[in-house]
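With compact mmCIF, N, CA and C atoms inside, this is query.txt:
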# COMPACT_ATOMS: atom_id res chain seq x y z
N MET A 17 5.42 12.58 -38.01
CA MET A 17 4.48 13.15 -37.07
C MET A 17 3.06 12.83 -37.53
N LYS A 18 2.25 12.47 -36.55
CA LYS A 18 0.85 12.21 -36.83
C LYS A 18 0.02 13.10 -35.92
N LYS A 19 -1.07 13.61 -36.45
CA LYS A 19 -1.96 14.46 -35.66
C LYS A 19 -3.23 13.68 -35.34
N TYR A 20 -3.67 13.84 -34.09
CA TYR A 20 -4.89 13.19 -33.62
C TYR A 20 -5.74 14.22 -32.91
N ASN A 21 -7.05 14.05 -33.00
CA ASN A 21 -7.98 14.84 -32.21
C ASN A 21 -8.42 13.96 -31.05
N VAL A 22 -8.28 14.48 -29.81
CA VAL A 22 -8.60 13.71 -28.61
C VAL A 22 -9.64 14.49 -27.82
N ASN A 23 -10.67 13.80 -27.35
CA ASN A 23 -11.71 14.42 -26.55
C ASN A 23 -11.59 13.91 -25.12
N VAL A 24 -11.33 14.83 -24.17
CA VAL A 24 -11.19 14.47 -22.76
C VAL A 24 -12.24 15.24 -21.97
N ASN A 25 -13.18 14.51 -21.38
CA ASN A 25 -14.25 15.13 -20.58
C ASN A 25 -14.95 16.27 -21.30
N GLY A 26 -15.21 16.08 -22.58
CA GLY A 26 -15.95 17.07 -23.34
C GLY A 26 -15.10 18.17 -23.95
N THR A 27 -13.79 18.19 -23.69
CA THR A 27 -12.91 19.19 -24.24
C THR A 27 -12.06 18.55 -25.34
N ALA A 28 -12.08 19.15 -26.53
CA ALA A 28 -11.34 18.61 -27.67
C ALA A 28 -9.92 19.17 -27.67
N TYR A 29 -8.94 18.29 -27.92
CA TYR A 29 -7.54 18.67 -28.01
C TYR A 29 -6.97 18.11 -29.30
N GLU A 30 -6.07 18.89 -29.94
CA GLU A 30 -5.34 18.39 -31.09
C GLU A 30 -3.96 17.98 -30.60
N VAL A 31 -3.60 16.73 -30.85
CA VAL A 31 -2.35 16.18 -30.33
C VAL A 31 -1.49 15.75 -31.50
N THR A 32 -0.21 16.12 -31.45
CA THR A 32 0.76 15.68 -32.45
C THR A 32 1.67 14.67 -31.80
N VAL A 33 1.81 13.50 -32.44
CA VAL A 33 2.61 12.41 -31.90
C VAL A 33 3.71 12.06 -32.89
N GLU A 34 4.93 11.99 -32.39
CA GLU A 34 6.07 11.61 -33.22
C GLU A 34 6.27 10.11 -33.11
N GLU A 35 6.39 9.44 -34.24
CA GLU A 35 6.64 8.01 -34.25
C GLU A 35 8.13 7.77 -34.13
N VAL A 36 8.52 6.91 -33.18
CA VAL A 36 9.92 6.64 -32.92
C VAL A 36 10.17 5.15 -33.09
N ASN A 37 11.22 4.79 -33.84
CA ASN A 37 11.56 3.39 -34.05
C ASN A 37 13.01 3.14 -33.66
N GLY A 38 13.28 1.99 -33.07
CA GLY A 38 14.64 1.59 -32.78
C GLY A 38 15.11 1.98 -31.39
N PRO A 39 16.16 1.29 -30.90
CA PRO A 39 16.66 1.55 -29.56
C PRO A 39 17.38 2.89 -29.43
N ALA A 40 17.91 3.44 -30.52
CA ALA A 40 18.63 4.70 -30.44
C ALA A 40 17.71 5.85 -30.06
N ALA A 41 16.42 5.71 -30.33
CA ALA A 41 15.49 6.79 -30.05
C ALA A 41 14.77 6.61 -28.71
N ALA A 42 15.19 5.63 -27.93
CA ALA A 42 14.52 5.38 -26.65
C ALA A 42 14.72 6.56 -25.71
N ALA A 43 13.72 6.83 -24.92
CA ALA A 43 13.79 7.94 -23.95
C ALA A 43 14.78 7.58 -22.85
N PRO A 44 15.48 8.58 -22.31
CA PRO A 44 16.41 8.28 -21.22
C PRO A 44 15.66 7.77 -20.00
N VAL A 45 16.29 6.86 -19.31
CA VAL A 45 15.69 6.25 -18.13
C VAL A 45 16.37 6.80 -16.89
N ALA A 46 15.58 7.26 -15.95
CA ALA A 46 16.14 7.78 -14.70
C ALA A 46 16.72 6.64 -13.89
N PRO A 47 17.80 6.89 -13.15
CA PRO A 47 18.38 5.83 -12.34
C PRO A 47 17.39 5.40 -11.26
N PRO A 48 17.40 4.13 -10.89
CA PRO A 48 16.45 3.67 -9.88
C PRO A 48 16.72 4.31 -8.53
N VAL A 49 15.63 4.63 -7.84
CA VAL A 49 15.72 5.21 -6.51
C VAL A 49 15.68 4.07 -5.50
N PRO A 50 16.66 4.01 -4.59
CA PRO A 50 16.63 2.89 -3.64
C PRO A 50 15.39 2.97 -2.75
N ALA A 51 14.75 1.82 -2.58
CA ALA A 51 13.54 1.75 -1.75
C ALA A 51 13.94 1.70 -0.28
N PRO A 52 13.07 2.20 0.61
CA PRO A 52 13.40 2.10 2.03
C PRO A 52 13.45 0.63 2.44
N ALA A 53 14.29 0.35 3.40
CA ALA A 53 14.45 -1.03 3.85
C ALA A 53 13.14 -1.56 4.39
N ALA A 54 12.78 -2.75 3.98
CA ALA A 54 11.54 -3.36 4.45
C ALA A 54 11.72 -3.86 5.88
N ALA A 55 10.63 -3.87 6.60
CA ALA A 55 10.67 -4.37 7.98
C ALA A 55 10.97 -5.86 7.93
N PRO A 56 11.62 -6.41 8.95
CA PRO A 56 11.88 -7.84 8.95
C PRO A 56 10.58 -8.62 8.94
N ALA A 57 10.62 -9.79 8.33
CA ALA A 57 9.41 -10.60 8.22
C ALA A 57 8.92 -10.98 9.61
N PRO A 58 7.65 -10.66 9.91
CA PRO A 58 7.13 -10.99 11.22
C PRO A 58 6.85 -12.48 11.35
N ALA A 59 6.90 -12.96 12.57
CA ALA A 59 6.59 -14.36 12.83
C ALA A 59 5.09 -14.56 12.67
N ALA A 60 4.70 -15.71 12.19
CA ALA A 60 3.28 -15.99 12.02
C ALA A 60 2.62 -16.12 13.39
N ALA A 61 1.36 -15.73 13.45
CA ALA A 61 0.63 -15.84 14.71
C ALA A 61 0.32 -17.30 14.99
N PRO A 62 0.44 -17.72 16.24
CA PRO A 62 0.11 -19.11 16.58
C PRO A 62 -1.36 -19.39 16.31
N ALA A 63 -1.66 -20.64 15.99
CA ALA A 63 -3.03 -21.03 15.69
C ALA A 63 -3.91 -20.78 16.91
N GLY A 64 -5.09 -20.23 16.68
CA GLY A 64 -6.05 -19.99 17.75
C GLY A 64 -5.70 -18.80 18.62
N ALA A 65 -4.73 -17.98 18.21
CA ALA A 65 -4.28 -16.85 19.02
C ALA A 65 -5.11 -15.60 18.78
N GLY A 66 -6.09 -15.65 17.91
CA GLY A 66 -6.91 -14.48 17.63
C GLY A 66 -7.10 -14.32 16.14
N GLU A 67 -7.65 -13.18 15.78
CA GLU A 67 -7.91 -12.92 14.37
C GLU A 67 -6.77 -12.11 13.77
N SER A 68 -6.19 -12.64 12.72
CA SER A 68 -5.09 -11.96 12.04
C SER A 68 -5.64 -10.87 11.13
N VAL A 69 -4.98 -9.71 11.13
CA VAL A 69 -5.32 -8.62 10.22
C VAL A 69 -4.18 -8.54 9.22
N THR A 70 -4.49 -8.75 7.95
CA THR A 70 -3.45 -8.76 6.92
C THR A 70 -3.65 -7.60 5.96
N SER A 71 -2.59 -7.29 5.24
CA SER A 71 -2.63 -6.20 4.26
C SER A 71 -3.45 -6.64 3.04
N PRO A 72 -4.43 -5.83 2.64
CA PRO A 72 -5.23 -6.19 1.48
C PRO A 72 -4.52 -5.94 0.15
N MET A 73 -3.41 -5.16 0.20
CA MET A 73 -2.70 -4.81 -1.03
C MET A 73 -1.28 -4.36 -0.67
N PRO A 74 -0.37 -4.34 -1.62
CA PRO A 74 0.98 -3.84 -1.33
C PRO A 74 0.95 -2.34 -1.09
N GLY A 75 1.84 -1.86 -0.23
CA GLY A 75 1.91 -0.43 0.02
C GLY A 75 2.85 -0.11 1.17
N ASN A 76 2.71 1.11 1.71
CA ASN A 76 3.55 1.58 2.82
C ASN A 76 2.66 1.92 4.01
N ILE A 77 3.12 1.59 5.19
CA ILE A 77 2.39 1.91 6.41
C ILE A 77 2.69 3.37 6.77
N LEU A 78 1.66 4.21 6.76
CA LEU A 78 1.83 5.63 7.09
C LEU A 78 1.66 5.87 8.58
N ALA A 79 0.80 5.10 9.23
CA ALA A 79 0.55 5.30 10.66
C ALA A 79 0.10 3.98 11.28
N VAL A 80 0.54 3.77 12.51
CA VAL A 80 0.09 2.64 13.32
C VAL A 80 -0.60 3.25 14.53
N ASN A 81 -1.91 3.05 14.65
CA ASN A 81 -2.71 3.70 15.68
C ASN A 81 -2.91 2.87 16.93
N VAL A 82 -2.37 1.65 16.97
CA VAL A 82 -2.57 0.77 18.14
C VAL A 82 -1.23 0.22 18.61
N ASN A 83 -1.23 -0.22 19.86
CA ASN A 83 -0.07 -0.87 20.46
C ASN A 83 -0.53 -2.19 21.05
N VAL A 84 0.41 -3.08 21.33
CA VAL A 84 0.10 -4.35 21.97
C VAL A 84 -0.56 -4.05 23.31
N GLY A 85 -1.66 -4.74 23.57
CA GLY A 85 -2.38 -4.55 24.83
C GLY A 85 -3.56 -3.60 24.72
N ASP A 86 -3.66 -2.82 23.64
CA ASP A 86 -4.78 -1.90 23.47
C ASP A 86 -6.06 -2.69 23.22
N THR A 87 -7.17 -2.19 23.74
CA THR A 87 -8.48 -2.76 23.46
C THR A 87 -9.08 -1.97 22.31
N VAL A 88 -9.58 -2.68 21.29
CA VAL A 88 -10.14 -2.02 20.12
C VAL A 88 -11.58 -2.45 19.90
N ALA A 89 -12.35 -1.58 19.27
CA ALA A 89 -13.74 -1.87 18.91
C ALA A 89 -13.78 -2.30 17.45
N GLU A 90 -14.80 -3.06 17.10
CA GLU A 90 -14.97 -3.47 15.71
C GLU A 90 -15.11 -2.22 14.84
N GLY A 91 -14.35 -2.15 13.75
CA GLY A 91 -14.40 -1.01 12.84
C GLY A 91 -13.45 0.11 13.19
N GLN A 92 -12.74 0.00 14.32
CA GLN A 92 -11.77 1.03 14.71
C GLN A 92 -10.59 0.99 13.75
N VAL A 93 -10.06 2.18 13.41
CA VAL A 93 -8.92 2.26 12.49
C VAL A 93 -7.66 1.82 13.23
N LEU A 94 -7.03 0.77 12.71
CA LEU A 94 -5.81 0.24 13.31
C LEU A 94 -4.57 0.88 12.70
N MET A 95 -4.59 1.04 11.37
CA MET A 95 -3.43 1.55 10.64
C MET A 95 -3.89 2.28 9.39
N ILE A 96 -2.98 3.07 8.84
CA ILE A 96 -3.21 3.72 7.55
C ILE A 96 -2.19 3.15 6.57
N LEU A 97 -2.69 2.58 5.48
CA LEU A 97 -1.86 1.97 4.44
C LEU A 97 -1.94 2.83 3.20
N GLU A 98 -0.79 3.32 2.72
CA GLU A 98 -0.75 4.11 1.50
C GLU A 98 -0.44 3.17 0.34
N ALA A 99 -1.35 3.15 -0.63
CA ALA A 99 -1.15 2.32 -1.82
C ALA A 99 -1.67 3.10 -3.02
N MET A 100 -0.88 3.21 -4.04
CA MET A 100 -1.24 3.91 -5.28
C MET A 100 -1.71 5.34 -4.98
N LYS A 101 -0.98 6.04 -4.12
CA LYS A 101 -1.25 7.44 -3.77
C LYS A 101 -2.57 7.62 -3.03
N MET A 102 -3.13 6.53 -2.50
CA MET A 102 -4.37 6.60 -1.73
C MET A 102 -4.09 6.13 -0.31
N GLU A 103 -4.71 6.80 0.66
CA GLU A 103 -4.59 6.38 2.05
C GLU A 103 -5.77 5.48 2.39
N ASN A 104 -5.46 4.24 2.77
CA ASN A 104 -6.49 3.25 3.06
C ASN A 104 -6.49 2.95 4.56
N GLU A 105 -7.66 3.02 5.17
CA GLU A 105 -7.78 2.71 6.59
C GLU A 105 -7.91 1.20 6.77
N ILE A 106 -7.05 0.64 7.60
CA ILE A 106 -7.15 -0.78 7.95
C ILE A 106 -7.91 -0.82 9.26
N MET A 107 -9.11 -1.43 9.24
CA MET A 107 -9.99 -1.41 10.40
C MET A 107 -10.03 -2.77 11.10
N ALA A 108 -10.35 -2.72 12.38
CA ALA A 108 -10.46 -3.94 13.18
C ALA A 108 -11.66 -4.76 12.70
N PRO A 109 -11.45 -6.04 12.38
CA PRO A 109 -12.56 -6.87 11.93
C PRO A 109 -13.47 -7.28 13.08
N LYS A 110 -12.98 -7.18 14.33
CA LYS A 110 -13.79 -7.53 15.50
C LYS A 110 -13.26 -6.76 16.70
N ALA A 111 -14.05 -6.73 17.75
CA ALA A 111 -13.61 -6.09 18.99
C ALA A 111 -12.69 -7.07 19.73
N GLY A 112 -11.75 -6.53 20.47
CA GLY A 112 -10.85 -7.39 21.24
C GLY A 112 -9.62 -6.63 21.67
N LYS A 113 -8.63 -7.40 22.08
CA LYS A 113 -7.37 -6.84 22.57
C LYS A 113 -6.28 -7.13 21.54
N VAL A 114 -5.46 -6.13 21.26
CA VAL A 114 -4.37 -6.31 20.30
C VAL A 114 -3.29 -7.16 20.97
N THR A 115 -3.03 -8.33 20.41
CA THR A 115 -2.04 -9.23 21.00
C THR A 115 -0.67 -9.11 20.35
N SER A 116 -0.63 -8.60 19.10
CA SER A 116 0.67 -8.34 18.47
C SER A 116 0.51 -7.31 17.37
N VAL A 117 1.53 -6.49 17.21
CA VAL A 117 1.62 -5.53 16.11
C VAL A 117 2.89 -5.91 15.36
N ASN A 118 2.73 -6.28 14.09
CA ASN A 118 3.84 -6.85 13.34
C ASN A 118 4.48 -5.91 12.34
N VAL A 119 4.04 -4.66 12.28
CA VAL A 119 4.65 -3.68 11.38
C VAL A 119 4.83 -2.37 12.14
N GLN A 120 5.65 -1.50 11.57
CA GLN A 120 5.86 -0.19 12.16
C GLN A 120 5.69 0.87 11.08
N LYS A 121 5.56 2.11 11.49
CA LYS A 121 5.39 3.22 10.56
C LYS A 121 6.57 3.23 9.58
N GLY A 122 6.26 3.39 8.30
CA GLY A 122 7.29 3.44 7.27
C GLY A 122 7.59 2.10 6.63
N ALA A 123 7.03 1.02 7.17
CA ALA A 123 7.30 -0.32 6.63
C ALA A 123 6.63 -0.48 5.26
N THR A 124 7.29 -1.22 4.39
CA THR A 124 6.72 -1.59 3.11
C THR A 124 6.15 -2.99 3.25
N VAL A 125 4.89 -3.17 2.85
CA VAL A 125 4.23 -4.47 3.00
C VAL A 125 3.72 -4.96 1.65
N GLU A 126 3.59 -6.24 1.55
CA GLU A 126 3.02 -6.88 0.36
C GLU A 126 1.59 -7.31 0.70
N SER A 127 0.85 -7.66 -0.30
CA SER A 127 -0.50 -8.17 -0.09
C SER A 127 -0.43 -9.44 0.74
N GLY A 128 -1.24 -9.52 1.80
CA GLY A 128 -1.26 -10.70 2.65
C GLY A 128 -0.30 -10.64 3.82
N THR A 129 0.51 -9.58 3.96
CA THR A 129 1.44 -9.44 5.07
C THR A 129 0.65 -9.30 6.37
N LEU A 130 1.05 -10.02 7.40
CA LEU A 130 0.40 -9.93 8.72
C LEU A 130 0.72 -8.56 9.32
N LEU A 131 -0.33 -7.79 9.63
CA LEU A 131 -0.16 -6.46 10.20
C LEU A 131 -0.27 -6.51 11.72
N CYS A 132 -1.31 -7.18 12.22
CA CYS A 132 -1.48 -7.32 13.67
C CYS A 132 -2.45 -8.46 13.93
N VAL A 133 -2.56 -8.82 15.22
CA VAL A 133 -3.48 -9.88 15.64
C VAL A 133 -4.35 -9.32 16.76
N ILE A 134 -5.66 -9.58 16.65
CA ILE A 134 -6.60 -9.16 17.67
C ILE A 134 -7.15 -10.42 18.34
N GLY A 135 -6.96 -10.50 19.66
CA GLY A 135 -7.39 -11.67 20.43
C GLY A 135 -8.75 -11.51 21.02
File written out as structure tokens:
Amino acid sequence: MKKYNVNVNGTAYEVTVEEVNGPAAAAPVAPPVPAPAAAPAPAAAPAGAGESVTSPMPGNILAVNVNVGDTVAEGQVLMILEAMKMENEIMAPKAGKVTSVNVQKGATVESGTLLCVIG
């Protein structure tokens, strides 16, 4: 056992740490939790069909606020993307009409995944 003094935001704590060596002392690992099924890969938008809105980071789609055919203003919230316990608003990069929505609520997306197209 080793003792350390740790200062967190101005508050001092005394911490005791046990040194562990070898695989026999490894902490138990929880069984993996199955991830929700990912949405099928959307088809790429045809060239010149509008401005593609892609996911800036991996995460889960919490809400889809637009449908195909909706008219959106620049800066309007299109979707809510949850990543690292934070809710991120995906906003329209320009005004126009939504020509395709390529994800649905609950979908898991990777960075760069096509979310929708604004024509």
What's the 8 Å shell around Gly112 (chain A), counting all atoms listed in the file, without same-chain residues fewer than 4 positions away, as a list in words?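 Once the adjacent positions are removed, what remains is Gly85, Asp86, Thr87, Val88, Ala89, Glu90, Ala108, Val133, Ile134 and Gly135 of chain A.
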Shell of 8 Å around Pro72 (chain A), all atoms listed in the file, local chain residues under 3 positions omitted, as a PDB file with N, CA and C atoms, keeping the file's coordinate frame:
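Dumped everything to result.pdb:
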ATOM      1  N   VAL A  69      -4.980  -9.710  11.130  1.00  0.00           N
ATOM      2  CA  VAL A  69      -5.320  -8.620  10.220  1.00  0.00           C
ATOM      3  C   VAL A  69      -4.180  -8.540   9.220  1.00  0.00           C
ATOM      4  N   GLY A  75       1.840  -1.860  -0.230  1.00  0.00           N
ATOM      5  CA  GLY A  75       1.910  -0.430   0.020  1.00  0.00           C
ATOM      6  C   GLY A  75       2.850  -0.110   1.170  1.00  0.00           C
ATOM      7  N   ILE A 106      -7.050   0.640   7.600  1.00  0.00           N
ATOM      8  CA  ILE A 106      -7.150  -0.780   7.950  1.00  0.00           C
ATOM      9  C   ILE A 106      -7.910  -0.820   9.260  1.00  0.00           C
ATOM     10  N   GLU A 126       3.590  -6.240   1.550  1.00  0.00           N
ATOM     11  CA  GLU A 126       3.020  -6.880   0.360  1.00  0.00           C
ATOM     12  C   GLU A 126       1.590  -7.310   0.700  1.00  0.00           C
ATOM     13  N   SER A 127       0.850  -7.660  -0.300  1.00  0.00           N
ATOM     14  CA  SER A 127      -0.500  -8.170  -0.090  1.00  0.00           C
ATOM     15  C   SER A 127      -0.430  -9.440   0.740  1.00  0.00           C
ATOM     16  N   GLY A 128      -1.240  -9.520   1.800  1.00  0.00           N
ATOM     17  CA  GLY A 128      -1.260 -10.700   2.650  1.00  0.00           C
ATOM     18  C   GLY A 128      -0.300 -10.640   3.820  1.00  0.00           C
ATOM     19  N   THR A 129       0.510  -9.580   3.960  1.00  0.00           N
ATOM     20  CA  THR A 129       1.440  -9.440   5.070  1.00  0.00           C
ATOM     21  C   THR A 129       0.650  -9.300   6.370  1.00  0.00           C
TER      22      THR A 129
END
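Relative to atom C of Glu67 (chain A), atom C of Lys110 (chain A) is found at 8.9 Å.
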Record the distance separating CA of Ile96 (chain A) and CA of Ile77 (chain A), expressed in Å with one decimal.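 Here the two named atoms are 6.0 Å from each other.
Counting only N, CA and C atoms, Val84 (chain A) has the following residues at most 6.5 Å away, ignoring those fewer than 6 positions along the same chain: A:Val114, A:Thr115, A:Ser116, A:Val117.
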